[in-house]
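Participant: Input structure: start-v4.txt, which contains compact mmCIF, C-alpha atoms.
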# COMPACT_ATOMS: atom_id res chain seq x y z
CA ARG P 1 31.01 -10.32 29.00
CA GLU P 2 29.73 -9.60 25.49
CA GLN P 3 26.24 -9.11 26.92
CA GLY P 4 27.64 -6.65 29.45
CA ARG P 5 29.15 -4.59 26.66
CA ALA P 6 26.01 -4.71 24.53
CA LEU P 7 23.65 -3.78 27.37
CA PRO P 8 24.61 -0.07 27.56
CA ALA P 9 24.14 0.20 23.79
CA ALA P 10 20.69 -1.42 23.99
CA VAL P 11 19.56 0.83 26.84
CA GLY P 12 20.93 3.89 25.06
CA ALA P 13 19.11 3.01 21.83
CA LEU P 14 15.89 2.46 23.78
CA CYS P 15 16.14 5.88 25.41
CA ARG P 16 16.92 7.63 22.11
CA ALA P 17 13.96 5.93 20.42
CA LEU P 18 11.56 7.51 22.92
CA PRO P 19 10.02 10.96 22.22
CA PRO P 20 12.28 13.91 23.12
CA ARG P 21 9.99 15.20 25.89
CA ALA P 22 9.93 11.77 27.56
CA ARG P 23 13.52 10.72 26.97
CA PRO P 24 15.15 9.46 30.19
CA ALA P 25 18.84 9.14 30.87
CA PRO P 26 20.23 5.61 30.49
CA ASP P 27 21.49 5.85 34.07
CA THR P 28 17.84 6.06 35.25
CA LEU P 29 17.22 2.47 34.13
CA ARG P 30 20.42 1.30 35.81
CA ARG P 31 19.45 2.89 39.13
CA ALA P 32 15.94 1.45 38.85
CA ARG P 33 17.45 -2.00 38.41
CA PHE P 34 18.85 -1.70 41.95
CA ASP P 35 15.60 -0.11 43.23
CA ARG P 36 17.21 3.24 43.99
CA PRO P 37 14.64 5.78 45.29
CA GLN P 38 16.31 8.57 43.27
CA ALA P 39 14.93 7.05 40.04
CA SER P 40 11.32 6.75 41.19
CA LEU P 41 10.19 10.28 40.33
CA ASP P 42 11.89 10.13 36.92
CA PHE P 43 10.10 6.88 36.10
CA TRP P 44 6.71 8.18 37.24
CA ARG P 45 7.13 11.21 34.96
CA LEU P 46 8.29 8.97 32.10
CA LEU P 47 5.26 6.68 32.33
CA TYR P 48 2.96 9.68 32.75
CA VAL P 49 4.14 11.36 29.55
CA LEU P 50 4.17 8.14 27.50
CA LEU P 51 0.69 7.05 28.57
CA LYS P 52 -0.68 10.55 28.03
CA GLN P 53 0.61 10.49 24.46
CA ILE P 54 -0.90 7.05 23.82
CA HIS P 55 -4.30 8.17 25.12
CA GLY P 56 -4.15 11.50 23.28
CA GLY P 57 -4.31 13.61 26.43
CA ARG P 58 -2.68 16.92 27.27
CA TRP P 59 -0.18 17.44 30.01
CA THR P 60 2.16 20.07 31.37
CA GLU P 61 5.40 19.87 33.27
CA SER P 62 3.74 21.54 36.26
CA ASP P 63 1.25 18.72 36.88
CA ALA P 64 1.39 17.58 40.49
CA ILE P 65 3.21 14.33 41.15
CA GLU P 66 0.13 12.93 42.91
CA THR P 67 -1.93 13.56 39.77
CA GLN P 68 0.70 11.89 37.60
CA ILE P 69 0.90 8.81 39.83
CA ARG P 70 -2.88 8.49 39.99
CA PHE P 71 -3.15 8.67 36.21
CA VAL P 72 -0.35 6.14 35.64
CA LYS P 73 -1.91 3.62 38.02
CA SER P 74 -5.32 4.03 36.38
CA ALA P 75 -3.92 3.70 32.86
CA LEU P 76 -1.90 0.61 33.74
CA TRP P 77 -4.96 -0.96 35.33
CA TYR P 78 -6.95 -0.13 32.19
CA HIS P 79 -4.39 -1.91 29.99
CA GLY P 80 -4.46 -5.00 32.20
CA TYR P 81 -1.44 -4.49 34.44
CA ASP P 82 -2.91 -5.38 37.84
CA ARG P 83 0.27 -6.19 39.77
CA PRO P 84 -0.61 -5.25 43.38
CA GLU P 85 2.96 -4.28 44.27
CA LEU P 86 2.81 -1.34 41.85
CA HIS P 87 -0.66 -0.13 42.88
CA GLN P 88 0.46 -0.17 46.54
CA LEU P 89 3.39 2.20 45.92
CA PRO P 90 3.28 5.47 47.89
CA ALA P 91 1.54 8.45 46.30
CA ASP P 92 4.53 10.77 46.79
CA GLY P 93 6.78 8.81 44.42
CA SER P 94 9.45 8.17 47.02
CA ALA P 95 9.99 4.46 46.26
CA GLY P 96 9.35 1.66 43.81
CA SER P 97 11.70 2.39 40.92
CA ARG P 98 12.20 -1.33 40.20
CA GLU P 99 8.45 -1.92 40.05
CA LEU P 100 8.17 0.98 37.62
CA LEU P 101 10.95 -0.47 35.48
CA LEU P 102 8.99 -3.72 35.34
CA ALA P 103 5.79 -1.88 34.34
CA PHE P 104 7.68 0.06 31.66
CA SER P 105 9.07 -3.18 30.22
CA TRP P 106 5.60 -4.70 30.25
CA LEU P 107 4.30 -1.76 28.21
CA LEU P 108 7.14 -2.17 25.72
CA HIS P 109 6.20 -5.78 25.08
CA ARG P 110 2.42 -5.79 25.52
CA LEU P 111 1.42 -2.54 23.79
CA SER P 112 4.28 -2.24 21.26
CA LEU P 113 4.98 1.08 22.95
CA LEU P 114 7.74 2.34 20.70
CA GLU P 115 5.83 1.56 17.50
CA GLN P 116 2.73 3.39 18.75
CA LEU P 117 4.72 6.44 19.78
CA LEU P 118 6.57 6.61 16.46
CA VAL P 119 3.27 6.51 14.55
CA ARG P 120 1.61 9.12 16.76
CA ASN P 121 4.56 11.53 16.71
CA ARG P 122 5.24 11.18 13.00
CA VAL P 123 5.83 14.48 11.20
CA LYS P 124 2.91 14.85 8.78
CA THR P 125 3.67 16.88 5.69
CA GLY P 126 0.67 15.73 3.67
CA ASP P 127 -3.08 16.02 4.09
CA GLU P 128 -4.36 12.80 5.63
CA THR P 129 -7.67 11.28 6.59
CA SER P 130 -8.70 8.11 8.36
CA VAL P 131 -10.34 5.37 6.33
CA CYS P 132 -11.91 2.24 7.82
CA THR P 133 -14.03 -0.29 5.97
CA CYS P 134 -13.40 -3.16 8.40
CA GLU P 135 -16.42 -5.03 9.68
CA ASP P 136 -16.77 -6.25 13.21
CA ASN P 137 -16.93 -9.95 13.97
CA LEU P 138 -20.14 -9.63 15.97
CA PRO P 139 -23.44 -10.69 14.44
CA SER P 140 -25.39 -7.90 12.81
CA SER P 141 -28.50 -8.73 14.84
CA GLN P 142 -28.60 -9.94 18.40
CA GLU P 143 -31.87 -11.71 18.85
CA GLY P 144 -33.52 -12.09 22.18
CA THR P 145 -32.16 -8.90 23.68
CA ALA P 146 -35.59 -7.50 24.41
CA GLU P 147 -36.83 -10.76 25.92
CA ALA P 148 -33.68 -11.18 28.03
CA ALA P 149 -33.83 -7.65 29.45
CA PRO P 150 -34.21 -7.62 33.23
CA GLU P 151 -37.48 -6.46 34.66
CA GLY P 152 -36.25 -3.57 36.74
CA GLY P 153 -38.28 -1.59 39.22
CA LEU P 154 -39.47 1.97 38.82
CA GLU P 155 -36.38 3.25 40.59
CA ASP P 156 -34.15 1.69 37.89
CA ARG P 157 -35.94 3.28 34.96
CA VAL P 158 -34.83 6.46 33.21
CA ASP P 159 -37.16 9.24 32.12
CA VAL P 160 -37.73 9.02 28.37
CA ARG P 161 -37.76 12.81 28.05
CA TYR P 162 -34.22 12.97 29.42
CA LEU P 163 -33.09 10.41 26.83
CA GLN P 164 -34.82 12.42 24.09
CA CYS P 165 -33.00 15.54 25.25
CA LEU P 166 -29.65 13.75 25.13
CA ASP P 167 -30.49 12.36 21.69
CA GLY P 168 -31.28 15.87 20.44
CA ARG P 169 -27.99 17.24 21.74
CA LEU P 170 -26.09 14.38 20.15
CA ARG P 171 -27.78 14.95 16.80
CA PHE P 172 -26.98 18.67 16.94
CA GLN P 173 -23.32 18.03 17.75
CA TRP P 174 -23.12 15.43 14.98
CA ARG P 175 -24.58 17.82 12.40
CA SER P 176 -22.19 20.58 13.47
CA LEU P 177 -19.23 18.22 13.18
CA HIS P 178 -20.42 17.02 9.78
CA ALA P 179 -20.77 20.61 8.52
CA GLN P 180 -17.26 21.50 9.72
CA HIS P 181 -15.85 18.39 8.05
CA GLN P 182 -17.57 19.30 4.77
CA GLU P 183 -16.12 22.82 4.95
CA GLN P 184 -12.66 21.40 5.57
CA CYS P 185 -12.99 19.10 2.56
CA LYS P 186 -14.01 22.02 0.34
CA LEU P 187 -10.99 24.06 1.42
CA LEU P 188 -8.64 21.09 0.91
CA HIS P 189 -10.05 20.58 -2.58
CA LYS P 190 -9.42 24.24 -3.44
CA ILE P 191 -5.81 24.04 -2.25
CA HIS P 192 -5.17 20.82 -4.16
CA LEU P 193 -6.82 22.20 -7.28
CA PHE P 194 -5.05 25.61 -7.27
CA THR P 195 -1.61 24.05 -6.65
CA SER P 196 -2.04 21.26 -9.20
CA GLY P 197 1.15 20.75 -11.25
CA SER P 198 3.36 22.70 -8.81
CA HIS P 199 4.82 19.81 -6.86
CA MET P 200 8.18 18.31 -7.81
CA ASP P 201 6.78 14.83 -7.22
CA LYS P 202 4.65 14.16 -10.30
CA ILE P 203 2.83 11.32 -8.53
CA LEU P 204 1.39 13.81 -6.03
CA GLY P 205 1.14 16.75 -8.39
CA HIS P 206 -0.09 19.31 -5.82
CA PHE P 207 0.82 20.83 -2.47
CA SER P 208 -0.63 19.93 0.89
CA VAL P 209 -1.70 22.47 3.51
CA THR P 210 1.66 22.23 5.27
CA GLU P 211 3.60 22.63 2.04
CA THR P 212 1.43 25.57 0.99
CA ASP P 213 2.08 27.25 4.31
CA LEU P 214 5.82 26.69 3.90
CA VAL P 215 5.70 28.37 0.48
CA ARG P 216 3.91 31.37 2.00
CA GLN P 217 6.13 31.49 5.09
CA PRO P 218 9.62 30.17 4.20
CA GLU P 219 10.93 30.84 7.71
CA ASN P 220 9.01 27.78 8.88
CA TYR P 221 11.33 25.52 6.86
CA LYS P 222 13.88 25.60 9.65
CA GLN P 223 11.40 24.32 12.19
CA LEU P 224 10.20 21.56 9.85
CA PHE P 225 13.78 20.55 9.13
CA GLN P 226 14.50 20.23 12.85
CA LEU P 227 11.41 18.07 13.35
CA LEU P 228 12.35 15.81 10.45
CA GLU P 229 15.90 15.53 11.72
CA SER P 230 14.68 14.56 15.19
CA GLU P 231 12.34 11.96 13.72
CA THR P 232 15.15 10.51 11.62
CA MET P 233 17.33 10.13 14.72
CA GLN P 234 14.47 8.36 16.51
CA LEU P 235 13.99 5.96 13.61
CA GLU P 236 17.72 5.18 13.51
CA ALA P 237 17.68 4.54 17.27
CA PHE P 238 14.62 2.31 16.84
CA LEU P 239 16.41 0.19 14.22
CA GLU P 240 19.41 -0.15 16.55
CA TRP P 241 17.05 -1.08 19.41
CA LYS P 242 15.41 -3.86 17.36
CA GLN P 243 18.82 -5.42 16.82
CA LEU P 244 19.80 -5.22 20.51
CA GLU P 245 16.36 -5.93 21.98
CA PRO P 246 17.16 -9.55 23.06
CA VAL P 247 19.97 -8.23 25.25
CA PHE P 248 17.55 -5.98 27.12
CA TRP P 249 15.10 -8.82 27.79
CA GLN P 250 17.88 -11.07 29.07
CA TRP P 251 18.80 -8.27 31.46
CA MET P 252 15.17 -8.00 32.57
CA GLU P 253 15.15 -11.73 33.35
CA THR P 254 17.92 -11.12 35.88
CA VAL P 255 15.86 -8.29 37.37
CA LEU P 256 12.91 -10.65 37.77
CA ASP P 257 15.12 -13.28 39.38
CA ASP P 258 16.35 -10.75 41.94
CA MET P 259 12.80 -9.65 42.69
CA ALA P 260 11.69 -13.27 43.14
CA LYS P 261 14.54 -13.97 45.58
CA GLU P 262 13.83 -10.85 47.61
CA GLY P 263 10.10 -11.65 47.58
CA ASN P 264 10.66 -15.15 49.01
CA MET P 265 12.91 -13.77 51.74
CA CYS P 266 10.33 -11.13 52.67
CA LYS P 267 7.53 -13.72 52.77
CA SER P 268 9.46 -16.04 55.06
CA GLN P 269 10.37 -13.17 57.37
CA ASP P 270 6.76 -11.95 57.47
CA ALA P 271 5.53 -15.47 58.26
CA ARG P 272 7.96 -15.80 61.18
CA VAL P 273 7.03 -12.37 62.50
CA GLU P 274 3.30 -13.13 62.24
CA LYS P 275 3.68 -16.48 64.02
CA ARG P 276 5.71 -14.92 66.83
CA ARG P 277 3.19 -12.07 67.12
CA LEU P 278 0.28 -14.53 67.35
CA SER P 279 1.96 -16.55 70.09
CA GLU P 280 2.73 -13.36 72.02
CA VAL P 281 -0.87 -12.20 71.74
CA THR P 282 -2.22 -15.58 72.89
CA SER P 283 0.06 -15.64 75.91
CA CYS P 284 -0.38 -12.08 77.07
CA CYS P 285 -4.08 -11.55 76.26
CA PRO P 286 -6.56 -13.58 78.37
CA TRP P 287 -9.41 -12.93 75.92
CA ALA P 288 -7.60 -14.53 72.96
CA GLU P 289 -8.88 -18.05 73.72
CA ASN P 290 -12.46 -16.73 74.09
CA LEU P 291 -12.15 -15.00 70.72
CA ALA P 292 -10.93 -18.22 69.09
CA GLY P 293 -13.95 -20.08 70.48
CA GLN P 294 -16.32 -17.46 69.08
CA MET P 295 -14.66 -17.77 65.68
CA ASP P 296 -15.17 -21.55 65.76
CA ARG P 297 -18.85 -21.14 66.56
CA LEU P 298 -19.27 -18.62 63.75
CA SER P 299 -17.58 -21.04 61.37
CA ARG P 300 -20.02 -23.82 62.33
CA ASP P 301 -22.98 -21.45 61.92
CA LEU P 302 -21.75 -20.48 58.46
CA MET P 303 -21.49 -24.14 57.46
CA ALA P 304 -25.06 -24.75 58.63
CA LEU P 305 -26.30 -21.72 56.69
CA GLN P 306 -24.49 -22.98 53.60
CA ASP P 307 -26.29 -26.33 53.85
CA GLN P 308 -29.66 -24.58 54.24
CA LEU P 309 -28.91 -22.39 51.23
CA HIS P 310 -28.05 -25.46 49.16
CA GLN P 311 -31.39 -27.11 50.06
CA LEU P 312 -33.26 -23.89 49.23
CA ILE P 313 -31.58 -23.70 45.81
CA ILE P 314 -32.66 -27.26 45.05
CA GLN P 315 -36.26 -26.46 45.99
CA ARG P 316 -36.29 -23.26 43.93
CA LYS P 317 -34.89 -25.09 40.91
CA ALA P 318 -37.59 -27.74 41.13
CA ALA P 319 -40.31 -25.09 41.35
CA TRP P 320 -38.82 -23.17 38.46
CA TRP P 321 -38.68 -26.21 36.19
CA GLU P 322 -42.31 -26.92 37.04
CA LYS P 323 -43.25 -23.39 35.95
CA VAL P 324 -41.26 -23.77 32.76
CA ARG P 325 -43.00 -27.05 31.92
CA PHE P 326 -46.41 -25.49 32.55
CA GLY P 327 -45.48 -22.45 30.40
CA VAL P 328 -44.35 -24.68 27.53
CA GLU P 329 -47.63 -26.56 27.61
CA GLU P 330 -49.64 -23.32 27.54
CA LEU P 331 -47.47 -22.01 24.73
CA GLN P 332 -48.06 -25.11 22.67
CA LYS P 333 -51.80 -24.74 23.17
CA GLU P 334 -52.15 -21.02 22.39
CA GLY P 335 -49.29 -19.51 20.42
CA PHE P 336 -47.43 -22.33 18.73
CA SER P 337 -47.62 -20.78 15.26
CA ALA P 338 -46.31 -17.38 16.41
CA THR P 339 -43.48 -19.03 18.32
CA ALA P 340 -42.57 -21.17 15.33
CA ARG P 341 -42.48 -18.08 13.14
CA LYS P 342 -40.15 -16.30 15.56
CA ILE P 343 -37.87 -19.31 15.71
CA GLN P 344 -37.78 -19.51 11.94
CA GLU P 345 -36.87 -15.82 11.64
CA SER P 346 -34.15 -16.27 14.26
CA VAL P 347 -32.70 -19.24 12.36
CA GLU P 348 -32.73 -17.25 9.11
CA ARG P 349 -30.87 -14.36 10.75
CA LYS P 350 -28.27 -16.73 12.16
CA LEU P 351 -27.79 -18.31 8.73
CA ARG P 352 -27.30 -14.88 7.16
CA ASP P 353 -24.75 -13.98 9.82
CA LEU P 354 -22.87 -17.25 9.29
CA THR P 355 -22.89 -16.73 5.54
CA ARG P 356 -21.50 -13.23 5.96
CA LEU P 357 -18.83 -14.31 8.43
CA HIS P 358 -17.61 -17.21 6.28
CA ALA P 359 -17.69 -15.23 3.05
CA PRO P 360 -14.30 -14.46 1.46
CA LYS P 361 -12.78 -11.45 3.15
CA LYS P 362 -12.39 -8.29 1.14
CA ASN P 363 -9.23 -6.23 1.17
CA ALA P 364 -10.35 -4.14 4.14
CA MET P 365 -8.95 -0.63 4.35
CA HIS P 366 -7.96 0.70 7.74
CA GLY P 367 -5.59 3.43 8.83
CA SER P 368 -4.42 6.86 7.85
CA CYS P 369 -4.33 7.72 4.14
CA ARG P 370 -2.86 10.70 2.37
CA LEU P 371 -5.32 12.73 0.33
CA VAL P 372 -4.17 13.02 -3.27
CA LEU P 373 -6.24 14.68 -6.02
CA ARG P 374 -6.53 12.59 -9.17
CA ASN P 375 -7.77 13.69 -12.56
CA LYS P 376 -10.69 11.78 -14.04
CA HIS P 377 -8.73 10.01 -16.75
CA PRO P 378 -9.56 6.51 -18.06
CA THR P 379 -6.02 5.24 -17.52
CA THR P 380 -5.58 6.87 -14.15
CA LYS P 381 -6.97 5.40 -10.95
CA MET P 382 -8.49 7.80 -8.50
CA GLY P 383 -7.09 7.33 -5.02
CA PHE P 384 -6.34 8.78 -1.68
CA GLY P 385 -2.71 7.70 -1.69
CA GLN P 386 -0.82 5.14 0.34
CA CYS P 387 -2.68 3.68 3.30
CA VAL P 388 -0.80 3.07 6.52
CA SER P 389 -2.06 -0.35 7.55
CA LYS P 390 -0.93 -3.94 7.94
CA GLU P 391 -2.22 -4.83 4.47
CA ALA P 392 -0.44 -3.16 1.58
CA VAL P 393 -2.93 -0.98 -0.26
CA SER P 394 -1.29 1.12 -2.98
CA ALA P 395 -4.26 3.38 -3.64
CA VAL P 396 -7.69 3.72 -2.14
CA SER P 397 -10.34 4.97 -4.53
CA ALA P 398 -12.72 7.54 -3.10
CA THR P 399 -15.62 6.08 -5.06
CA GLU P 400 -14.91 2.62 -3.66
CA VAL P 401 -14.88 3.95 -0.10
CA ILE P 402 -18.15 5.84 -0.65
CA ARG P 403 -19.80 2.76 -2.17
CA GLU P 404 -18.64 0.57 0.72
CA LEU P 405 -19.88 3.05 3.32
CA GLN P 406 -23.24 3.31 1.56
CA MET P 407 -23.62 -0.47 1.71
CA ARG P 408 -22.76 -0.44 5.41
CA GLU P 409 -25.29 2.36 5.97
CA ALA P 410 -28.04 0.37 4.24
CA SER P 411 -27.23 -2.72 6.30
CA LEU P 412 -27.31 -0.76 9.56
CA GLN P 413 -30.58 0.89 8.53
CA ARG P 414 -32.18 -2.52 7.97
CA GLU P 415 -30.93 -3.67 11.36
CA LEU P 416 -32.34 -0.52 12.97
CA GLU P 417 -35.76 -1.10 11.44
CA GLN P 418 -35.72 -4.69 12.64
CA LEU P 419 -34.86 -3.64 16.19
CA ARG P 420 -37.61 -1.01 16.11
CA GLU P 421 -40.13 -3.63 15.06
CA GLU P 422 -39.03 -5.90 17.90
CA CYS P 423 -39.40 -3.01 20.35
CA ARG P 424 -42.91 -2.28 19.04
CA GLN P 425 -43.91 -5.90 19.52
CA ARG P 426 -42.48 -5.91 23.00
CA LEU P 427 -44.34 -2.71 23.90
CA ASP P 428 -47.58 -4.18 22.53
CA GLU P 429 -47.15 -7.24 24.72
CA ILE P 430 -46.57 -5.05 27.78
CA ALA P 431 -49.54 -2.83 26.94
CA GLN P 432 -51.86 -5.83 26.69
CA GLY P 433 -51.05 -6.73 30.27
CA LEU P 434 -52.09 -3.29 31.58
CA GLU P 435 -55.78 -3.19 32.42
CA GLY P 436 -57.63 0.10 32.03
CA VAL P 437 -54.72 1.85 30.27
CA ILE P 438 -54.82 3.17 26.72
CA CYS P 439 -51.43 3.50 24.98
CA ILE P 440 -51.14 5.94 22.08
CA SER P 441 -47.98 5.65 19.98
CA PRO P 442 -46.07 8.93 19.43
I'd like the structure from this file rewritten - as structure tokens, please.

Facilitator:
Amino acid sequence: REQGRALPAAVGALCRALPPRARPAPDTLRRARFDRPQASLDFWRLLYVLLKQIHGGRWTESDAIETQIRFVKSALWYHGYDRPELHQLPADGSAGSRELLLAFSWLLHRLSLLEQLLVRNRVKTGDETSVCTCEDNLPSSQEGTAEAAPEGGLEDRVDVRYLQCLDGRLRFQWRSLHAQHQEQCKLLHKIHLFTSGSHMDKILGHFSVTETDLVRQPENYKQLFQLLESETMQLEAFLEWKQLEPVFWQWMETVLDDMAKEGNMCKSQDARVEKRRLSEVTSCCPWAENLAGQMDRLSRDLMALQDQLHQLIIQRKAAWWEKVRFGVEELQKEGFSATARKIQESVERKLRDLTRLHAPKKNAMHGSCRLVLRNKHPTTKMGFGQCVSKEAVSAVSATEVIRELQMREASLQRELEQLREECRQRLDEIAQGLEGVICISP
């Protein structure tokens, strides 16, 4: 009884914690619990808007329902939700509200949906930038990639000129983006410098772009106040939801139990119908017995082919091992020193990678940081501001970030040179096997 009274409050808090444009009515979840078709369209639109916001896409209210359903199914498949019952729902959105409720609950738990939406829709009043000095867990060099590359035919190869054209376009776009980013940084520095000492918060000391615009156009304060008020209501609803969240999951367990019962009943009914249909077909169709005999013969032929394939695999393996043994002997005779040198270099690279991976982890910076101008004073630490990440970082120094990025750049440059050298060696080996062809390096 207490759970029954707390359930409407939990569902209401969940709906209020969602973004305003995607906020469903609490009655929509109740109707979906009983698989009412009236709630199907509302749930498709809800999932469409939420997944569009997560993936940073644009949408309009006039998007066709078929487009929305296609996108939702693709996005759910991308995130790992491969339940066939959902992907078999009709494209007109006329049924399946309970399946959609289950998918929505899966997103809440698996992707931390509410937390992601609150971060993405946060009202930003300060100038922010993204900072990431995290290193991947993959080795810096992957040896043997050139040797393990498949020997594809001419039809699988790509024209080098086309790749050079794409590389040129990419470089041009990258330089344009870099120039625009530099111009933006210069303008931000001017705003922070000209408004220094004007902010009420002495820790910040200067205005951001949004605050400067509000000073120039005071009528925008009303709009900002409404946005902040809406965000505050969402945060309050989210806190209430975190307290009542166990009640919602207990309710979802009852939904799953009902779906399991109905699924077992449908399976038993389908099995009886299929058995009766098969007996009817066998009795009324004279060619059914002939078809069954042909299927038996095909089954025996497939078993015989499987045995032949197994024997062929054994023979091919034996021949392959013989070739490998012969190749090892030739290698020991001709190029043992070169092979030993390659193995030694590979072992050294692996040792460097292991040393780097097991080294004490630095306080990696990752997330969105507010840009704050700091004076070059001995007792004052230069910093971006507070970093929104799992690890508490009070201030991120710009010089530290630049130094870290320069070290990463040097490491990647060394890796690039190493890969280029491996490619040159590989090309030299290929060129030696071409008779009557002269290769001139570009």

Participant: Please identify all polymer residues within 9 Å of segment 250-261 of chain P, counting only C-alpha atoms, omitting same-chain residues fewer than 6 positions from it, and present them as an MDAnalysis selection string.

Facilitator: chainID P and resid 3 7 33:34 98 102 105

Participant: Please provide the set of residues having any atom within 12 Å of Trp241 of chain P, restricted to all atoms listed in the file, with same-chain residues fewer than 6 positions apart removed, written as an MDAnalysis selection string.

Facilitator: chainID P and resid 6:18 108 114:115 234:235 247:249

Participant: Skipping near chain neighbours, those fewer than 2 positions away, what residues fall within 9 Å of segment 201-209 of chain P using all atoms listed in the file, listed as a VMD selection string?

Facilitator: chain P and resid 125 to 127 188 191 to 199 211 to 214 371 to 374 385

Participant: With only C-alpha atoms as the atoms that count, which of P:Thr133, P:Gln223, P:Glu421, P:Leu309 lies nearest to Gln406 of chain P?

Facilitator: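 Among P:Thr133, P:Gln223, P:Glu421, P:Leu309, it is P:Thr133 that comes nearest to Gln406 of chain P.
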
Participant: One decimal, Å: what's the distance from atom CA of Gly57 of chain P over to atom CA of Ser368 of chain P, could you say?

Facilitator: 19.8 Å

Participant: Excluding segment 59-70 of chain P and its own-chain neighbours fewer than 2 positions away, which residues fall within 12 Å of it when counting all atoms listed in the file? Please give them as a ChimeraX atom specification.

Facilitator: /P:21-22,40-53,55-57,72-77,86-96,100

Participant: Quick one, how far is atom CA of Val396 of chain P from atom CA of Cys369 of chain P?

Facilitator: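 Atom CA of Cys369 of chain P lies at a distance of 8.2 Å from atom CA of Val396 of chain P.
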
Participant: Suppose you want the space between atom CA of Ile343 of chain P and atom CA of Ile440 of chain P; what is it in Å?

Facilitator: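 Computing it gives 29.2 Å between the two atoms.
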
Participant: Counting only C-alpha atoms, which of P:Leu228, P:Cys185, P:Leu305, P:Val215 gets nearest to Thr129 of chain P?

Facilitator: P:Cys185

Participant: Between P:Ala292, P:Arg175, P:Glu417, P:Ile54, which is the closest to Gln116 of chain P once you count only C-alpha atoms?

Facilitator: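 Checking each of P:Ala292, P:Arg175, P:Glu417, P:Ile54 against Gln116 of chain P, counting only C-alpha atoms, the winner is P:Ile54.
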